[in-house]
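Below is one structure; the comments refer to it alone.
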Amino acid sequence: MAAIIDLSGSVAVVTGGTRGVGAGITRALLEAGAEVVTCARRPPDEPVEAAGRTARFLPVDLRDPEAVGGFFERVREDHGRLDTLVNNAGGTPFRMLDDGGAERQARVVELNLVAPLTASLAAYEVMRHQTGGGAIIMIGSVSGTRPSPGSAAYGAAKAGLDNLARSMAVEWAPRVRVNTVVLGMVRTELSHLHYGDEEGVAAVGRTVPLGRLAEPADIGDACVFLASDRAAYISGASLHVHGGGERPGFLDAATVNH
């Protein structure tokens, strides 16, 4: 992607950008030439590197609005500007709704919806005053577009995140563009926790129309595009990066051959 899109001179923040999908996004932005700052509560075991360049890490609890505001102010002071925010931090354990009560489910919503809102508000305060504005990218999920038993609060938060992005895109235009990348299943270092061994990962991949799980680099390439001037007229959009989605169950259940 870097051969097509040049983000040299731009500054990007990737929340949760130290592992998994977030690390893939960070590497893609580095390869495209951007300066990248990642953040999480804990530092990574190893720095995220690509194309001979290394992402900077700063610790922050995204659930603390005061800390988040201070983090983005430091990025502005140290780097001079902020061109892209990728709201990637999030996730959930598998938990049925009646397991653990409302408080645990609320924490999932807080991490996956309220924290991106907090980060976006702080980023907007930087972007709105600078030449060229900026771009905010939400990392959504197909869990927000279909029933998600075992991750219902997560799915509800991701549905809300997509709607939030559309409203931000209207309120903050034309200074700041806001879009959502809607993910399907992605192969990461934690895939075995969800899909089992390599055989299990391959079996799950075969249920995707394109025949495999996404790689973090696939998500990174989509983010590089949305951060670039090639997406200058794209705002309030949802880009589905899911390999064609999910094959409808009734097709396999049907007894009639076509």
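Each chain in the structure tokens gets a letter, A, B and so on, in the order shown; residues start at 1 in every chain, and ligands are counted from 1 in the order they appear.
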
Helix (DSSP H, G or I) per DSSP on the backbone: members of stretch 48-201 of chain A, as a ChimeraX atom specification: /A:65-79,101-127,142-144,152-171,191-195,198-201

Quick one: residues within 9 Å of A:Thr145, only C-alpha atoms counted, chain neighbours fewer than 2 positions away excluded, as a list in words?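 Counting only C-alpha atoms, the residues come to Ser141, Val142, Ser143, Pro147, Ser148, Gly155, Ala156, Lys158 and Ala159 of chain A.
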
Identify which of the residues A:His79, A:His240, A:Arg177, A:Arg104 lies closest to A:Ser120, counting only C-alpha atoms when measuring atom-to-atom distances. A:Arg177

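The shell of residues at most 6 Å from stretch 16-21 of chain A, with only C-alpha atoms counted and near chain neighbours (fewer than 5 positions) removed, consists of Thr26, Thr38, Cys39, Ala40, Pro44, Asn88, Ala89, Thr188 and Pro216 of chain A.
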
According to DSSP computed on the backbone, where in stretch 1-246 of chain A is there strand (DSSP E or B)? Give the residues as a short mmCIF file (atom, residue, chain, number, x, y, z; two decimals) with all heavy atoms, in the first residue's frame.
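Dumped to selection-v8.cif:
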```cif
data_model
loop_
_atom_site.label_atom_id
_atom_site.label_comp_id
_atom_site.auth_asym_id
_atom_site.auth_seq_id
_atom_site.Cartn_x
_atom_site.Cartn_y
_atom_site.Cartn_z
N VAL A 11 0.85 12.33 11.09
CA VAL A 11 0.96 11.73 12.42
C VAL A 11 -0.33 10.96 12.71
O VAL A 11 -1.43 11.49 12.54
CB VAL A 11 1.18 12.81 13.49
CG1 VAL A 11 1.26 12.17 14.88
CG2 VAL A 11 2.44 13.61 13.20
N ALA A 12 -0.18 9.72 13.14
CA ALA A 12 -1.33 8.87 13.42
C ALA A 12 -1.25 8.31 14.83
O ALA A 12 -0.16 7.99 15.32
CB ALA A 12 -1.41 7.73 12.41
N VAL A 13 -2.39 8.16 15.46
CA VAL A 13 -2.52 7.47 16.74
C VAL A 13 -3.35 6.22 16.51
O VAL A 13 -4.41 6.27 15.88
CB VAL A 13 -3.18 8.36 17.81
CG1 VAL A 13 -3.65 7.53 19.01
CG2 VAL A 13 -2.24 9.45 18.28
N VAL A 14 -2.87 5.09 17.02
CA VAL A 14 -3.62 3.83 16.96
C VAL A 14 -3.82 3.34 18.39
O VAL A 14 -2.85 2.96 19.06
CB VAL A 14 -2.87 2.76 16.14
CG1 VAL A 14 -3.73 1.48 16.06
CG2 VAL A 14 -2.55 3.26 14.74
N THR A 15 -5.04 3.38 18.87
CA THR A 15 -5.30 2.88 20.22
C THR A 15 -5.22 1.35 20.20
O THR A 15 -5.67 0.71 19.26
CB THR A 15 -6.66 3.34 20.75
OG1 THR A 15 -7.72 2.73 20.00
CG2 THR A 15 -6.80 4.86 20.66
N GLU A 35 4.21 8.90 10.90
CA GLU A 35 4.67 8.76 12.27
C GLU A 35 3.51 8.17 13.06
O GLU A 35 2.38 8.67 12.97
CB GLU A 35 5.06 10.10 12.88
CG GLU A 35 6.26 10.78 12.27
CD GLU A 35 6.55 12.10 12.98
OE1 GLU A 35 6.82 12.07 14.20
OE2 GLU A 35 6.45 13.15 12.32
N VAL A 36 3.76 7.13 13.83
CA VAL A 36 2.68 6.45 14.53
C VAL A 36 2.95 6.42 16.03
O VAL A 36 4.03 6.05 16.48
CB VAL A 36 2.49 5.01 14.01
CG1 VAL A 36 1.29 4.36 14.70
CG2 VAL A 36 2.30 5.00 12.50
N VAL A 37 1.93 6.81 16.79
CA VAL A 37 1.95 6.70 18.24
C VAL A 37 0.89 5.69 18.65
O VAL A 37 -0.28 5.82 18.27
CB VAL A 37 1.67 8.06 18.92
CG1 VAL A 37 1.73 7.92 20.44
CG2 VAL A 37 2.64 9.13 18.43
N THR A 38 1.30 4.67 19.37
CA THR A 38 0.34 3.69 19.88
C THR A 38 0.11 3.94 21.36
O THR A 38 0.93 4.56 22.05
CB THR A 38 0.85 2.25 19.69
OG1 THR A 38 2.04 2.06 20.47
CG2 THR A 38 1.15 1.97 18.22
N CYS A 39 -1.01 3.44 21.86
CA CYS A 39 -1.29 3.60 23.29
C CYS A 39 -2.08 2.41 23.79
O CYS A 39 -2.83 1.77 23.06
CB CYS A 39 -2.05 4.91 23.55
SG CYS A 39 -3.69 4.99 22.81
N ALA A 40 -1.87 2.11 25.04
CA ALA A 40 -2.58 1.06 25.76
C ALA A 40 -2.27 1.27 27.23
O ALA A 40 -1.47 2.14 27.60
CB ALA A 40 -2.15 -0.33 25.30
N GLU A 49 7.38 -2.47 14.73
CA GLU A 49 8.28 -1.93 13.71
C GLU A 49 7.83 -2.35 12.32
O GLU A 49 7.20 -3.39 12.15
CB GLU A 49 9.72 -2.43 13.95
CG GLU A 49 10.28 -2.05 15.30
CD GLU A 49 11.65 -2.66 15.56
OE1 GLU A 49 11.93 -3.74 14.99
OE2 GLU A 49 12.43 -2.06 16.32
N ALA A 50 8.17 -1.54 11.34
CA ALA A 50 7.93 -1.86 9.93
C ALA A 50 8.73 -0.90 9.08
O ALA A 50 8.88 0.28 9.44
CB ALA A 50 6.45 -1.77 9.58
N ARG A 53 11.26 1.39 10.60
CA ARG A 53 10.79 2.45 11.47
C ARG A 53 10.03 1.85 12.65
O ARG A 53 9.49 0.75 12.55
CB ARG A 53 9.92 3.44 10.68
CG ARG A 53 10.67 4.01 9.48
CD ARG A 53 9.77 4.78 8.52
NE ARG A 53 9.20 5.93 9.19
CZ ARG A 53 7.90 6.10 9.38
NH1 ARG A 53 7.05 5.20 8.94
NH2 ARG A 53 7.45 7.17 9.97
N THR A 54 9.97 2.59 13.75
CA THR A 54 9.37 2.07 14.98
C THR A 54 8.28 3.01 15.48
O THR A 54 8.45 4.23 15.48
CB THR A 54 10.44 1.93 16.08
OG1 THR A 54 11.49 1.08 15.60
CG2 THR A 54 9.85 1.33 17.34
N ARG A 56 6.02 4.81 18.26
CA ARG A 56 6.21 5.28 19.63
C ARG A 56 5.06 4.77 20.49
O ARG A 56 3.91 4.63 20.03
CB ARG A 56 6.21 6.81 19.64
CG ARG A 56 6.39 7.44 21.01
CD ARG A 56 6.23 8.95 20.95
NE ARG A 56 6.51 9.56 22.24
CZ ARG A 56 6.29 10.84 22.51
NH1 ARG A 56 5.79 11.64 21.58
NH2 ARG A 56 6.58 11.33 23.71
N PHE A 57 5.35 4.45 21.74
CA PHE A 57 4.31 4.00 22.66
C PHE A 57 4.18 4.97 23.84
O PHE A 57 5.18 5.40 24.42
CB PHE A 57 4.61 2.61 23.22
CG PHE A 57 3.66 2.19 24.30
CD1 PHE A 57 2.41 1.68 23.98
CD2 PHE A 57 4.00 2.33 25.64
CE1 PHE A 57 1.51 1.33 24.98
CE2 PHE A 57 3.10 1.97 26.65
CZ PHE A 57 1.86 1.46 26.31
N LEU A 58 2.93 5.30 24.18
CA LEU A 58 2.65 6.08 25.37
C LEU A 58 1.52 5.39 26.13
O LEU A 58 0.51 5.01 25.54
CB LEU A 58 2.20 7.50 25.00
CG LEU A 58 3.24 8.43 24.36
CD1 LEU A 58 2.59 9.73 23.92
CD2 LEU A 58 4.38 8.71 25.35
N PRO A 59 1.67 5.22 27.44
CA PRO A 59 0.62 4.55 28.21
C PRO A 59 -0.55 5.50 28.48
O PRO A 59 -0.35 6.68 28.74
CB PRO A 59 1.33 4.17 29.51
CG PRO A 59 2.39 5.22 29.66
CD PRO A 59 2.85 5.56 28.27
N THR A 84 -4.47 11.44 11.93
CA THR A 84 -5.32 10.24 11.91
C THR A 84 -5.43 9.65 13.29
O THR A 84 -4.43 9.52 14.01
CB THR A 84 -4.74 9.17 10.97
OG1 THR A 84 -4.57 9.71 9.66
CG2 THR A 84 -5.66 7.95 10.90
N LEU A 85 -6.64 9.31 13.67
CA LEU A 85 -6.89 8.51 14.87
C LEU A 85 -7.58 7.22 14.43
O LEU A 85 -8.62 7.26 13.77
CB LEU A 85 -7.78 9.25 15.86
CG LEU A 85 -8.39 8.38 16.99
CD1 LEU A 85 -7.31 7.79 17.88
CD2 LEU A 85 -9.41 9.18 17.80
N VAL A 86 -7.01 6.09 14.83
CA VAL A 86 -7.66 4.80 14.60
C VAL A 86 -8.09 4.27 15.96
O VAL A 86 -7.26 3.91 16.80
CB VAL A 86 -6.73 3.79 13.91
CG1 VAL A 86 -7.49 2.48 13.65
CG2 VAL A 86 -6.19 4.35 12.60
N ASN A 87 -9.40 4.21 16.18
CA ASN A 87 -9.96 3.70 17.43
C ASN A 87 -10.06 2.18 17.34
O ASN A 87 -11.09 1.62 16.97
CB ASN A 87 -11.34 4.32 17.68
CG ASN A 87 -11.25 5.69 18.30
OD1 ASN A 87 -10.60 5.89 19.32
ND2 ASN A 87 -11.91 6.66 17.67
N GLY A 134 -8.43 16.36 9.69
CA GLY A 134 -7.95 15.03 10.06
C GLY A 134 -8.96 13.96 9.71
O GLY A 134 -10.01 14.23 9.12
N ALA A 135 -8.60 12.72 10.05
CA ALA A 135 -9.46 11.57 9.77
C ALA A 135 -9.52 10.68 11.01
O ALA A 135 -8.50 10.41 11.64
CB ALA A 135 -8.92 10.77 8.59
N ILE A 136 -10.72 10.25 11.34
CA ILE A 136 -10.93 9.32 12.45
C ILE A 136 -11.50 8.04 11.88
O ILE A 136 -12.44 8.06 11.07
CB ILE A 136 -11.87 9.91 13.51
CG1 ILE A 136 -11.22 11.13 14.17
CG2 ILE A 136 -12.25 8.86 14.56
CD1 ILE A 136 -12.12 11.87 15.15
N ILE A 137 -10.93 6.91 12.28
CA ILE A 137 -11.35 5.60 11.79
C ILE A 137 -11.76 4.75 12.98
O ILE A 137 -10.96 4.51 13.89
CB ILE A 137 -10.23 4.91 11.00
CG1 ILE A 137 -9.79 5.78 9.82
CG2 ILE A 137 -10.69 3.54 10.51
CD1 ILE A 137 -8.50 5.31 9.16
N MET A 138 -12.99 4.31 12.98
CA MET A 138 -13.48 3.38 14.00
C MET A 138 -13.26 1.95 13.52
O MET A 138 -13.50 1.64 12.34
CB MET A 138 -14.97 3.58 14.26
CG MET A 138 -15.39 5.00 14.58
SD MET A 138 -14.74 5.55 16.18
CE MET A 138 -15.78 7.00 16.44
N ILE A 139 -12.80 1.08 14.39
CA ILE A 139 -12.70 -0.34 14.06
C ILE A 139 -13.95 -1.03 14.59
O ILE A 139 -14.10 -1.24 15.79
CB ILE A 139 -11.42 -0.97 14.63
CG1 ILE A 139 -10.20 -0.26 14.07
CG2 ILE A 139 -11.38 -2.46 14.30
CD1 ILE A 139 -10.07 -0.30 12.54
N GLY A 140 -14.85 -1.33 13.67
CA GLY A 140 -16.11 -1.97 14.01
C GLY A 140 -16.03 -3.47 13.87
O GLY A 140 -14.95 -4.06 13.77
N SER A 141 -17.18 -4.12 13.84
CA SER A 141 -17.23 -5.58 13.77
C SER A 141 -18.55 -6.02 13.17
O SER A 141 -19.58 -5.36 13.35
CB SER A 141 -17.08 -6.18 15.17
OG SER A 141 -17.35 -7.57 15.17
N VAL A 176 -13.14 17.25 9.67
CA VAL A 176 -12.71 15.91 10.05
C VAL A 176 -13.61 14.87 9.39
O VAL A 176 -14.84 14.96 9.48
CB VAL A 176 -12.74 15.73 11.58
CG1 VAL A 176 -12.38 14.30 11.97
CG2 VAL A 176 -11.79 16.72 12.24
N ARG A 177 -12.98 13.91 8.72
CA ARG A 177 -13.71 12.78 8.14
C ARG A 177 -13.76 11.64 9.16
O ARG A 177 -12.78 11.40 9.86
CB ARG A 177 -13.03 12.28 6.86
CG ARG A 177 -13.02 13.29 5.73
CD ARG A 177 -12.43 12.69 4.46
NE ARG A 177 -11.03 12.32 4.62
CZ ARG A 177 -10.57 11.07 4.69
NH1 ARG A 177 -11.42 10.05 4.66
NH2 ARG A 177 -9.27 10.83 4.82
N VAL A 178 -14.89 10.95 9.22
CA VAL A 178 -15.04 9.84 10.17
C VAL A 178 -15.66 8.65 9.45
O VAL A 178 -16.72 8.77 8.82
CB VAL A 178 -15.93 10.23 11.37
CG1 VAL A 178 -15.92 9.12 12.42
CG2 VAL A 178 -15.49 11.55 11.98
N ASN A 179 -14.99 7.51 9.51
CA ASN A 179 -15.46 6.29 8.86
C ASN A 179 -15.27 5.09 9.78
O ASN A 179 -14.54 5.16 10.77
CB ASN A 179 -14.69 6.06 7.55
CG ASN A 179 -15.00 7.12 6.51
OD1 ASN A 179 -16.10 7.18 5.97
ND2 ASN A 179 -14.00 7.97 6.22
N THR A 180 -15.91 3.99 9.42
CA THR A 180 -15.80 2.74 10.18
C THR A 180 -15.31 1.63 9.27
O THR A 180 -15.80 1.47 8.15
CB THR A 180 -17.16 2.34 10.78
OG1 THR A 180 -17.66 3.40 11.59
CG2 THR A 180 -17.04 1.08 11.61
N VAL A 181 -14.33 0.86 9.75
CA VAL A 181 -13.93 -0.37 9.09
C VAL A 181 -14.58 -1.52 9.85
O VAL A 181 -14.31 -1.72 11.05
CB VAL A 181 -12.39 -0.54 9.09
CG1 VAL A 181 -12.01 -1.88 8.45
CG2 VAL A 181 -11.74 0.60 8.32
N VAL A 182 -15.47 -2.25 9.19
CA VAL A 182 -16.23 -3.31 9.82
C VAL A 182 -15.50 -4.64 9.58
O VAL A 182 -15.41 -5.11 8.44
CB VAL A 182 -17.67 -3.37 9.27
CG1 VAL A 182 -18.46 -4.48 9.97
CG2 VAL A 182 -18.36 -2.02 9.45
N LEU A 183 -14.99 -5.23 10.65
CA LEU A 183 -14.18 -6.44 10.54
C LEU A 183 -15.02 -7.70 10.65
O LEU A 183 -15.99 -7.75 11.40
CB LEU A 183 -13.13 -6.48 11.64
CG LEU A 183 -12.22 -5.28 11.87
CD1 LEU A 183 -11.08 -5.67 12.79
CD2 LEU A 183 -11.69 -4.74 10.56
N VAL A 186 -10.51 -12.28 12.03
CA VAL A 186 -9.11 -11.93 11.73
C VAL A 186 -8.19 -12.91 12.42
O VAL A 186 -8.38 -13.22 13.61
CB VAL A 186 -8.78 -10.50 12.18
CG1 VAL A 186 -7.37 -10.12 11.73
CG2 VAL A 186 -9.80 -9.50 11.62
N ALA A 214 -9.11 -12.98 7.67
CA ALA A 214 -8.32 -11.81 7.34
C ALA A 214 -7.00 -11.85 8.10
O ALA A 214 -6.91 -12.43 9.18
CB ALA A 214 -9.08 -10.54 7.70
N SER A 238 -19.16 2.96 5.99
CA SER A 238 -18.76 1.72 6.65
C SER A 238 -18.14 0.81 5.59
O SER A 238 -18.83 0.38 4.67
CB SER A 238 -19.96 1.03 7.30
OG SER A 238 -20.54 1.85 8.28
N LEU A 239 -16.86 0.53 5.74
CA LEU A 239 -16.14 -0.33 4.81
C LEU A 239 -16.03 -1.73 5.41
O LEU A 239 -15.37 -1.93 6.42
CB LEU A 239 -14.74 0.24 4.53
CG LEU A 239 -13.81 -0.61 3.66
CD1 LEU A 239 -14.42 -0.87 2.29
CD2 LEU A 239 -12.45 0.08 3.53
N HIS A 240 -16.72 -2.69 4.79
CA HIS A 240 -16.72 -4.06 5.30
C HIS A 240 -15.50 -4.81 4.79
O HIS A 240 -15.34 -5.00 3.59
CB HIS A 240 -18.00 -4.79 4.88
CG HIS A 240 -19.22 -4.31 5.60
ND1 HIS A 240 -19.76 -3.06 5.39
CD2 HIS A 240 -19.99 -4.90 6.55
CE1 HIS A 240 -20.82 -2.90 6.17
NE2 HIS A 240 -20.97 -4.00 6.88
N VAL A 241 -14.65 -5.23 5.73
CA VAL A 241 -13.46 -6.01 5.39
C VAL A 241 -13.66 -7.37 6.04
O VAL A 241 -13.14 -7.66 7.12
CB VAL A 241 -12.18 -5.31 5.88
CG1 VAL A 241 -10.94 -6.08 5.43
CG2 VAL A 241 -12.11 -3.88 5.35
#
```

Quick one: everything within 12 Å of A:Ile4, counting only C-alpha atoms, minus sequence neighbours fewer than 6 positions away in the same chain. Send it as a compact mmCIF listing (two decimals) with all heavy atoms, in the first residue's frame.
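Writing done, so here's out-v1.txt:
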```txt
# COMPACT_ATOMS: atom_id res chain seq x y z
N GLU A 31 4.60 1.68 7.20
CA GLU A 31 5.05 1.38 5.84
C GLU A 31 4.65 2.48 4.86
O GLU A 31 5.35 2.73 3.88
CB GLU A 31 4.48 0.04 5.38
CG GLU A 31 5.12 -1.15 6.11
CD GLU A 31 4.37 -2.44 5.85
OE1 GLU A 31 3.31 -2.40 5.18
OE2 GLU A 31 4.84 -3.49 6.34
N ALA A 32 3.52 3.14 5.13
CA ALA A 32 3.06 4.23 4.26
C ALA A 32 3.76 5.54 4.57
O ALA A 32 3.52 6.54 3.89
CB ALA A 32 1.55 4.39 4.39
N GLY A 33 4.59 5.56 5.61
CA GLY A 33 5.39 6.75 5.90
C GLY A 33 4.94 7.60 7.06
O GLY A 33 5.58 8.61 7.38
N ASP A 221 -4.25 -2.09 5.57
CA ASP A 221 -4.34 -1.48 4.25
C ASP A 221 -5.61 -0.65 4.10
O ASP A 221 -5.60 0.43 3.50
CB ASP A 221 -4.29 -2.56 3.16
CG ASP A 221 -2.89 -3.11 2.95
OD1 ASP A 221 -1.93 -2.50 3.41
OD2 ASP A 221 -2.77 -4.17 2.30
N VAL A 224 -5.03 2.61 5.97
CA VAL A 224 -4.14 3.51 5.22
C VAL A 224 -4.94 4.23 4.14
O VAL A 224 -4.79 5.46 3.96
CB VAL A 224 -2.97 2.73 4.61
CG1 VAL A 224 -2.23 3.57 3.59
CG2 VAL A 224 -2.00 2.28 5.71
N PHE A 225 -5.78 3.51 3.44
CA PHE A 225 -6.60 4.14 2.40
C PHE A 225 -7.51 5.21 2.99
O PHE A 225 -7.56 6.35 2.50
CB PHE A 225 -7.43 3.08 1.68
CG PHE A 225 -8.53 3.65 0.82
CD1 PHE A 225 -8.24 4.41 -0.31
CD2 PHE A 225 -9.86 3.43 1.15
CE1 PHE A 225 -9.25 4.95 -1.08
CE2 PHE A 225 -10.88 3.96 0.38
CZ PHE A 225 -10.58 4.73 -0.74
N SER A 228 -5.89 8.46 3.92
CA SER A 228 -5.18 9.18 2.87
C SER A 228 -6.09 10.13 2.10
O SER A 228 -7.32 10.08 2.21
CB SER A 228 -4.58 8.17 1.88
OG SER A 228 -5.60 7.62 1.05
N ASP A 229 -5.46 10.96 1.27
CA ASP A 229 -6.20 11.88 0.42
C ASP A 229 -6.99 11.15 -0.66
O ASP A 229 -7.88 11.74 -1.28
CB ASP A 229 -5.25 12.88 -0.23
CG ASP A 229 -4.72 13.90 0.77
OD1 ASP A 229 -5.34 14.06 1.84
OD2 ASP A 229 -3.67 14.52 0.50
N ARG A 230 -6.66 9.90 -0.92
CA ARG A 230 -7.43 9.12 -1.90
C ARG A 230 -8.84 8.84 -1.39
O ARG A 230 -9.71 8.44 -2.17
CB ARG A 230 -6.70 7.81 -2.23
CG ARG A 230 -5.42 8.02 -3.04
CD ARG A 230 -4.68 6.74 -3.27
NE ARG A 230 -3.47 7.00 -4.05
CZ ARG A 230 -3.37 6.83 -5.36
NH1 ARG A 230 -4.41 6.42 -6.05
NH2 ARG A 230 -2.24 7.08 -5.99
```

Would you kindly return, as a ChimeraX atom specification, each protein, DNA or RNA residue with an atom no farther than 8 Å from any atom of A:Leu113, considering only C-alpha atoms and excluding same-chain residues fewer than 5 positions away? /A:157-158,160-161

Counting only C-alpha atoms, what is within 6 Å of A:Ile25, bar same-chain residues fewer than 3 positions away, as a VMD selection string? chain A and resid 22 28 220

From the list A:Asp252, A:Asp162, A:Glu171, A:Glu110, which residue is nearest A:Asp64 when using only C-alpha atoms?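 For A:Asp64, the nearest of the candidates is A:Glu110.
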